[in-house]
Each structure stands twice: as structure tokens, then as C-alpha cells.
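Engineer: Okay, here's the structure, questions in a sec.
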Amino acid sequence: MIQKKHFVPNGDGWLLGLKQTYETAALDRSRRPVAIIPGYGMNAFIFGYHPRGKSMEAYWADQGFEVWSLNLRAQGTSRRVGGRKQYGFYDAAVTDLGAAFEFIVGHTETEAKSLDAVGCSLGGTYLYANLAFSQEKSLLGSVVTIGAPLKWVEVNPMLKTAFSSPRVAGMLAIRGVRPFARLAMPLLTRAPKLLSVYLHPEIVDTSRMDEMIETVENPDRRLNREIAKWVKQGDLVVRGVNVTEAVGTVTNPLLVVISNADGIVPEASALSAHGKIGSTVKDILCVGTNEVPVAHADLFVSNIAQEWVFEPLAQWLIARNEDPPAKRQGSRGRRKAGKKNGETKG
């Protein structure tokens, strides 16, 4: 497995930490590289880690993809070189993703001139905003969003309370989240009902939570203020552009991934982009069963992640690489991942 680390200037005083992963013998150079974008209060560490089995990066590399994990500003290995500490939606979604995408297309080991992207939680929202601002010069091919809201149709009560006031959300400087999470996690694992909002200990190896917590980052005050405004008004508006409406002219193939027991982003909000985006190819993958409920973090680190998430996403991306333009019409399927044998069905 080849892994290379890159530091990419974003033109705004930050060097973005990107990791490139591929398996030389398996790499299909005709496919577009895949970029993975982390979400709120996290970095890209979790994409290269799994407590049991292959990580998302390793799984897709074995499937013949070149995989890029992105740390945007203030995430993971990214470094500040004179830029502002605080940032908002435009900075992450347009400035940072734009710089990262250009670098990936310019340094890929593949023959592709564009890339596919997988946005996780708020990372998926960043992708919607990027598309809204960059349609005419976009380097994006297919887009996958995982538990990512576009419009807040429904809001988790805890989230609604936390972001009830944009002014207060923008004032609070929150530090030391990772050390606090290390202290709190042993207590939370003994309270599975509380923890199940985010993950289910029944299907996650919680004995290695101390390692998984490496993906936790401090939230940003300015971003918090913008999120609070977004939660309050429903539509995502960035620098005067209503992203919720602007994606109506986006034509990139889209796969929306939801989990059936997500306590962070309710299904109606995670599915909001599916109804708004103008793509003729847009599919839904719902992960989980009544017997095995799946929450937000379960999609990445649970025992079923490889079979129910990584594999169907890989197959969808492969199909989009192979689809001739004439066959990219009218795909609007809804599939479920959660059969015991990992089969997806319509």
C-alpha cells in the first residue's frame, strides 16, 4: 500500500494536509481518484483507521481506487502559515476544497482529469456549497454525501438547543475537546442509550475508542455562528448565495447515504439535497435494519462498515466511472444495506 502525504497551499495562509493512498497492483488508472472530506469537529484520521478490519482508505485502495483524504484548515495535519484562525463555510467549501481538488487532479497517478468526492456529514454540506459556487469550472465528477444536511427540514433537539443563538454560538471558544472526549468516553460506553445517538457499542469495538478519538477537533467559533444561522433559517446561505436553491442546476451524479438510526442528522434533513439537486442520476443508500440499527459514526468504524457502507459505495463509484453518457439518465433508486450477506436491494 502506497501512502504519500502532501501539504497544499490554499492561497489563504494555510497548508492543507492531504494523504494519497493507492495499491500499485490494484490501481485502475482509468478511474477518477476519490477525495474524502471530513465533517464538523473532526479530521481525516478516521478514514485511515478501523478498530477491526480495513479502513475506508484501505478498502477502496484494494478495490482499485486512488484515495485522497483531506484535512481542510484547522483540521488534522494542516498548518497555519499566516492565515486567520477562524473560518466559515466559504473558506472551507470553496477556498480549501478548490485548492485541494486542483492539487489532486494535477498530482494523481491516474489518467483522470476530474475526481469523485465523498463528503462525510458537514463535509458533504461543503460539497454542496462547492458545487453551488463552482459549477462552470468544477473538477467534480460523481458526488457521495454521508449523513449530510443541505436544508434543515428536521433538527435534532440537542443540536437545535446548542445552536439556538448565532450570537452565543459565535462567542464561545471551545478548546480541549479531544482530552475531554478521552475522559468522557469510558462513562459514555457504560450509557449505551446516550451513546447510541452517535454510535452503537453493540457493533463498534469501543475498547479502542482512545485511538478513534484522534479524529476529534475543536469546533470553530465563526463556523458555529454560521451553522446556527443555517439551523435557524433552514436553507444554507453562503455569502448571499442560497446554496439550497443553487444546487437545482447541478448535474453531477449523486449518491445520498443515510443511516436508519442517525441521532445527529435526521433522515429528512440528510435527504434534502436529493430532492433539490438537478442531477438526473441520484440514488439513496439507507444503511441499517431494525435488528441492527446504524448511527452516524457506525458508518465508518462499526463491524458492518466494510460490508454495508464501503463496498456498496465502491460499486456505485465504479458504475459511475463506467457509465456511458447515454445511460446517465433517470437513475433515482433507493437501496438498502443491511442484509446479513451485505446485499443491497432496490
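Here's how to read the names in the C-alpha cells: chain A, B, ... by the order shown, residue numbers from 1 in each chain, ligand numbers from 1 in the order shown.
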Leaving out stretch 141-154 of chain A and any residue of its chain fewer than 5 positions from it, which residues lie within 9 Å of it when counting only C-alpha atoms, given as an NGL selection string?
Structural biologist: :A and (32 or 39 or 114-125 or 127-129 or 230-236 or 243-244 or 252-259 or 262 or 264-273 or 276 or 296 or 299 or 313 or 317 or 320-321)
Engineer: Could those selected residues go to a file with N, CA and C atoms, as a short mmCIF file (atom, residue, chain, number, x, y, z; two decimals), in the first residue's frame?
Structural biologist:
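Written out: out-v2.cif:
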data_model
loop_
_atom_site.label_atom_id
_atom_site.label_comp_id
_atom_site.auth_asym_id
_atom_site.auth_seq_id
_atom_site.Cartn_x
_atom_site.Cartn_y
_atom_site.Cartn_z
N ARG A 32 -11.53 7.82 -11.91
CA ARG A 32 -11.26 9.08 -11.23
C ARG A 32 -10.79 8.81 -9.80
N GLY A 39 -16.05 15.97 8.41
CA GLY A 39 -17.13 16.86 8.80
C GLY A 39 -16.81 17.73 10.01
N SER A 114 -10.55 14.73 -13.70
CA SER A 114 -11.52 15.18 -12.70
C SER A 114 -11.48 14.17 -11.56
N LEU A 115 -12.28 14.38 -10.51
CA LEU A 115 -12.26 13.48 -9.37
C LEU A 115 -13.67 13.26 -8.85
N ASP A 116 -13.86 12.19 -8.11
CA ASP A 116 -15.10 11.95 -7.37
C ASP A 116 -14.86 12.35 -5.93
N ALA A 117 -15.92 12.68 -5.22
CA ALA A 117 -15.76 13.13 -3.84
C ALA A 117 -16.80 12.49 -2.93
N VAL A 118 -16.36 12.17 -1.72
CA VAL A 118 -17.23 11.61 -0.68
C VAL A 118 -17.17 12.57 0.50
N GLY A 119 -18.28 13.22 0.81
CA GLY A 119 -18.33 14.17 1.91
C GLY A 119 -19.07 13.59 3.09
N CYS A 120 -18.44 13.61 4.24
CA CYS A 120 -18.99 12.98 5.44
C CYS A 120 -19.58 14.04 6.36
N SER A 121 -20.88 13.92 6.62
CA SER A 121 -21.59 14.86 7.50
C SER A 121 -21.42 16.29 6.97
N LEU A 122 -20.85 17.20 7.74
CA LEU A 122 -20.68 18.57 7.26
C LEU A 122 -19.79 18.62 6.03
N GLY A 123 -18.91 17.63 5.86
CA GLY A 123 -18.09 17.56 4.66
C GLY A 123 -18.93 17.42 3.41
N GLY A 124 -20.07 16.73 3.52
CA GLY A 124 -21.00 16.64 2.40
C GLY A 124 -21.66 17.97 2.11
N THR A 125 -21.98 18.71 3.18
CA THR A 125 -22.55 20.05 3.01
C THR A 125 -21.54 20.96 2.30
N LEU A 127 -19.48 20.04 0.11
CA LEU A 127 -19.53 19.68 -1.31
C LEU A 127 -20.69 20.37 -2.01
N TYR A 128 -21.85 20.42 -1.36
CA TYR A 128 -22.99 21.11 -1.97
C TYR A 128 -22.65 22.58 -2.21
N ALA A 129 -22.02 23.22 -1.22
CA ALA A 129 -21.65 24.63 -1.36
C ALA A 129 -20.60 24.81 -2.45
N TRP A 230 -27.81 28.89 9.89
CA TRP A 230 -28.32 27.87 8.96
C TRP A 230 -29.43 27.04 9.60
N VAL A 231 -29.19 26.59 10.84
CA VAL A 231 -30.19 25.80 11.56
C VAL A 231 -31.47 26.62 11.76
N LYS A 232 -31.30 27.90 12.04
CA LYS A 232 -32.45 28.76 12.32
C LYS A 232 -33.29 29.03 11.07
N GLN A 233 -32.63 29.24 9.93
CA GLN A 233 -33.37 29.60 8.72
C GLN A 233 -33.70 28.41 7.83
N GLY A 234 -33.07 27.28 8.06
CA GLY A 234 -33.36 26.08 7.26
C GLY A 234 -32.48 25.98 6.03
N ASP A 235 -32.60 26.93 5.11
CA ASP A 235 -31.77 26.93 3.91
C ASP A 235 -30.33 27.31 4.24
N LEU A 236 -29.39 26.74 3.48
CA LEU A 236 -27.98 27.11 3.63
C LEU A 236 -27.70 28.30 2.72
N VAL A 243 -27.55 28.29 -1.27
CA VAL A 243 -27.00 27.03 -1.79
C VAL A 243 -28.11 26.00 -1.99
N THR A 244 -29.10 26.00 -1.08
CA THR A 244 -30.20 25.05 -1.18
C THR A 244 -30.90 25.15 -2.53
N ASN A 252 -24.16 16.75 -11.48
CA ASN A 252 -23.27 15.64 -11.10
C ASN A 252 -24.07 14.47 -10.56
N PRO A 253 -23.71 13.23 -10.93
CA PRO A 253 -24.35 12.08 -10.29
C PRO A 253 -24.19 12.14 -8.77
N LEU A 254 -25.26 11.83 -8.05
CA LEU A 254 -25.27 11.98 -6.59
C LEU A 254 -25.77 10.71 -5.92
N LEU A 255 -25.05 10.28 -4.90
CA LEU A 255 -25.49 9.21 -4.00
C LEU A 255 -25.59 9.78 -2.60
N VAL A 256 -26.79 9.73 -2.02
CA VAL A 256 -27.02 10.19 -0.66
C VAL A 256 -27.07 8.97 0.25
N VAL A 257 -26.19 8.92 1.24
CA VAL A 257 -26.13 7.80 2.18
C VAL A 257 -26.70 8.25 3.52
N ILE A 258 -27.66 7.47 4.03
CA ILE A 258 -28.25 7.77 5.33
C ILE A 258 -28.19 6.52 6.19
N SER A 259 -28.20 6.70 7.50
CA SER A 259 -28.28 5.57 8.41
C SER A 259 -29.63 5.59 9.10
N ASP A 262 -29.73 7.53 12.81
CA ASP A 262 -28.82 8.67 12.95
C ASP A 262 -29.41 9.66 13.94
N ILE A 264 -27.85 12.38 14.90
CA ILE A 264 -27.23 13.68 14.67
C ILE A 264 -27.97 14.43 13.55
N VAL A 265 -28.11 13.78 12.41
CA VAL A 265 -28.78 14.40 11.26
C VAL A 265 -30.02 13.56 10.91
N PRO A 266 -31.22 14.05 11.21
CA PRO A 266 -32.44 13.29 10.90
C PRO A 266 -32.55 13.01 9.40
N GLU A 267 -33.25 11.93 9.08
CA GLU A 267 -33.35 11.48 7.70
C GLU A 267 -33.86 12.56 6.75
N ALA A 268 -34.89 13.30 7.17
CA ALA A 268 -35.46 14.32 6.28
C ALA A 268 -34.44 15.37 5.89
N SER A 269 -33.56 15.72 6.81
CA SER A 269 -32.53 16.72 6.52
C SER A 269 -31.41 16.12 5.67
N ALA A 270 -31.04 14.88 5.95
CA ALA A 270 -29.99 14.21 5.17
C ALA A 270 -30.44 13.96 3.73
N LEU A 271 -31.75 13.82 3.52
CA LEU A 271 -32.28 13.57 2.18
C LEU A 271 -32.65 14.85 1.44
N SER A 272 -32.51 16.00 2.08
CA SER A 272 -32.98 17.25 1.48
C SER A 272 -32.33 17.53 0.13
N ALA A 273 -31.05 17.22 -0.03
CA ALA A 273 -30.36 17.50 -1.29
C ALA A 273 -30.88 16.63 -2.42
N LYS A 276 -33.58 18.43 -4.07
CA LYS A 276 -33.25 19.75 -4.58
C LYS A 276 -32.31 19.73 -5.78
N HIS A 296 -24.65 7.58 13.19
CA HIS A 296 -23.76 8.45 12.43
C HIS A 296 -22.34 7.86 12.29
N LEU A 299 -21.22 4.27 10.50
CA LEU A 299 -20.97 4.17 9.06
C LEU A 299 -19.48 4.06 8.73
N LEU A 313 -20.62 1.65 -1.73
CA LEU A 313 -20.14 2.93 -2.25
C LEU A 313 -19.11 2.71 -3.35
N LEU A 317 -19.50 3.98 -7.27
CA LEU A 317 -18.50 4.81 -7.92
C LEU A 317 -17.92 4.13 -9.16
N ARG A 320 -20.40 4.52 -11.93
CA ARG A 320 -20.44 5.88 -12.48
C ARG A 320 -19.23 6.15 -13.37
N ASN A 321 -18.09 5.53 -13.07
CA ASN A 321 -16.93 5.66 -13.94
C ASN A 321 -17.14 4.97 -15.27
#
Engineer: Excluding same-chain residues fewer than 4 positions from stretch 12-17 of chain A, what lies within 8 Å of it counting only C-alpha atoms, as an MDAnalysis selection string?
Structural biologist: chainID A and resid 5:8 70:73 76:84 95:96 100
Engineer: Pick from A:Leu139, A:Thr251, A:Thr21, A:Asp210: nearest to A:Tyr59, with only C-alpha atoms counted?
Structural biologist: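 That would be A:Thr21, the residue with the smallest distance to A:Tyr59.
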Engineer: Can you tell me how far atom CA of A:Met212 sits from atom CA of A:Tyr22, in Å to one decimal?
Structural biologist: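 Atom CA of A:Met212 sits 22.4 Å away from atom CA of A:Tyr22.
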Engineer: Can you work out which one of A:Val309, A:Val287, A:Val294, A:Ala58 has the shortest atom-to-atom distance to A:Ala26, counting only C-alpha atoms?
Structural biologist: A:Ala58
Engineer: What is the distance between atom CA of A:Met209 and atom CA of A:Pro51, in Å to one decimal?
Structural biologist: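 Distance reported for this atom pair: 8.5 Å.
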Engineer: Taking 2 positions as the minimum chain separation for residues in the same chain, which residues sit within 10 Å of A:Asp28 when counting only C-alpha atoms? Answer as a list of chain:residue names.
Structural biologist: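 The contact residues come out as A:Tyr22, A:Glu23, A:Thr24, A:Ala25, A:Ala26, A:Ser30, A:Arg31, A:Arg32, A:Pro33, A:Ala61, A:Gln63, A:Gly64, A:Phe65, A:Glu66, A:Glu109, A:Thr110, A:Glu111.
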Engineer: For A:Gly88, which residue out of A:Pro38, A:Pro219, A:Pro157, A:Gly248 is the nearest one, using only C-alpha atoms?
Structural biologist: A:Pro219
Engineer: Considering only C-alpha atoms, state which residue in the set A:His107, A:Asn130, A:Ala228, A:Lys336 is at the smallest distance from A:Asp283.
Structural biologist: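 Closest residue, counting only C-alpha atoms: A:Lys336.
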Engineer: Out of A:Arg29, A:Ala99, A:Tyr40, A:Ala132, which residue has the shortest atom-to-atom distance to A:Val237 when counting only C-alpha atoms?
Structural biologist: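 With only C-alpha atoms as the atom set, the closest residue is A:Ala132.
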Engineer: Which residue gives the smallest distance to A:Ser302 among A:Arg239, A:Lys4, A:Arg52, A:Lys229, with only C-alpha atoms counted?
Structural biologist: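 Among the listed residues, A:Arg52 lies closest to A:Ser302.
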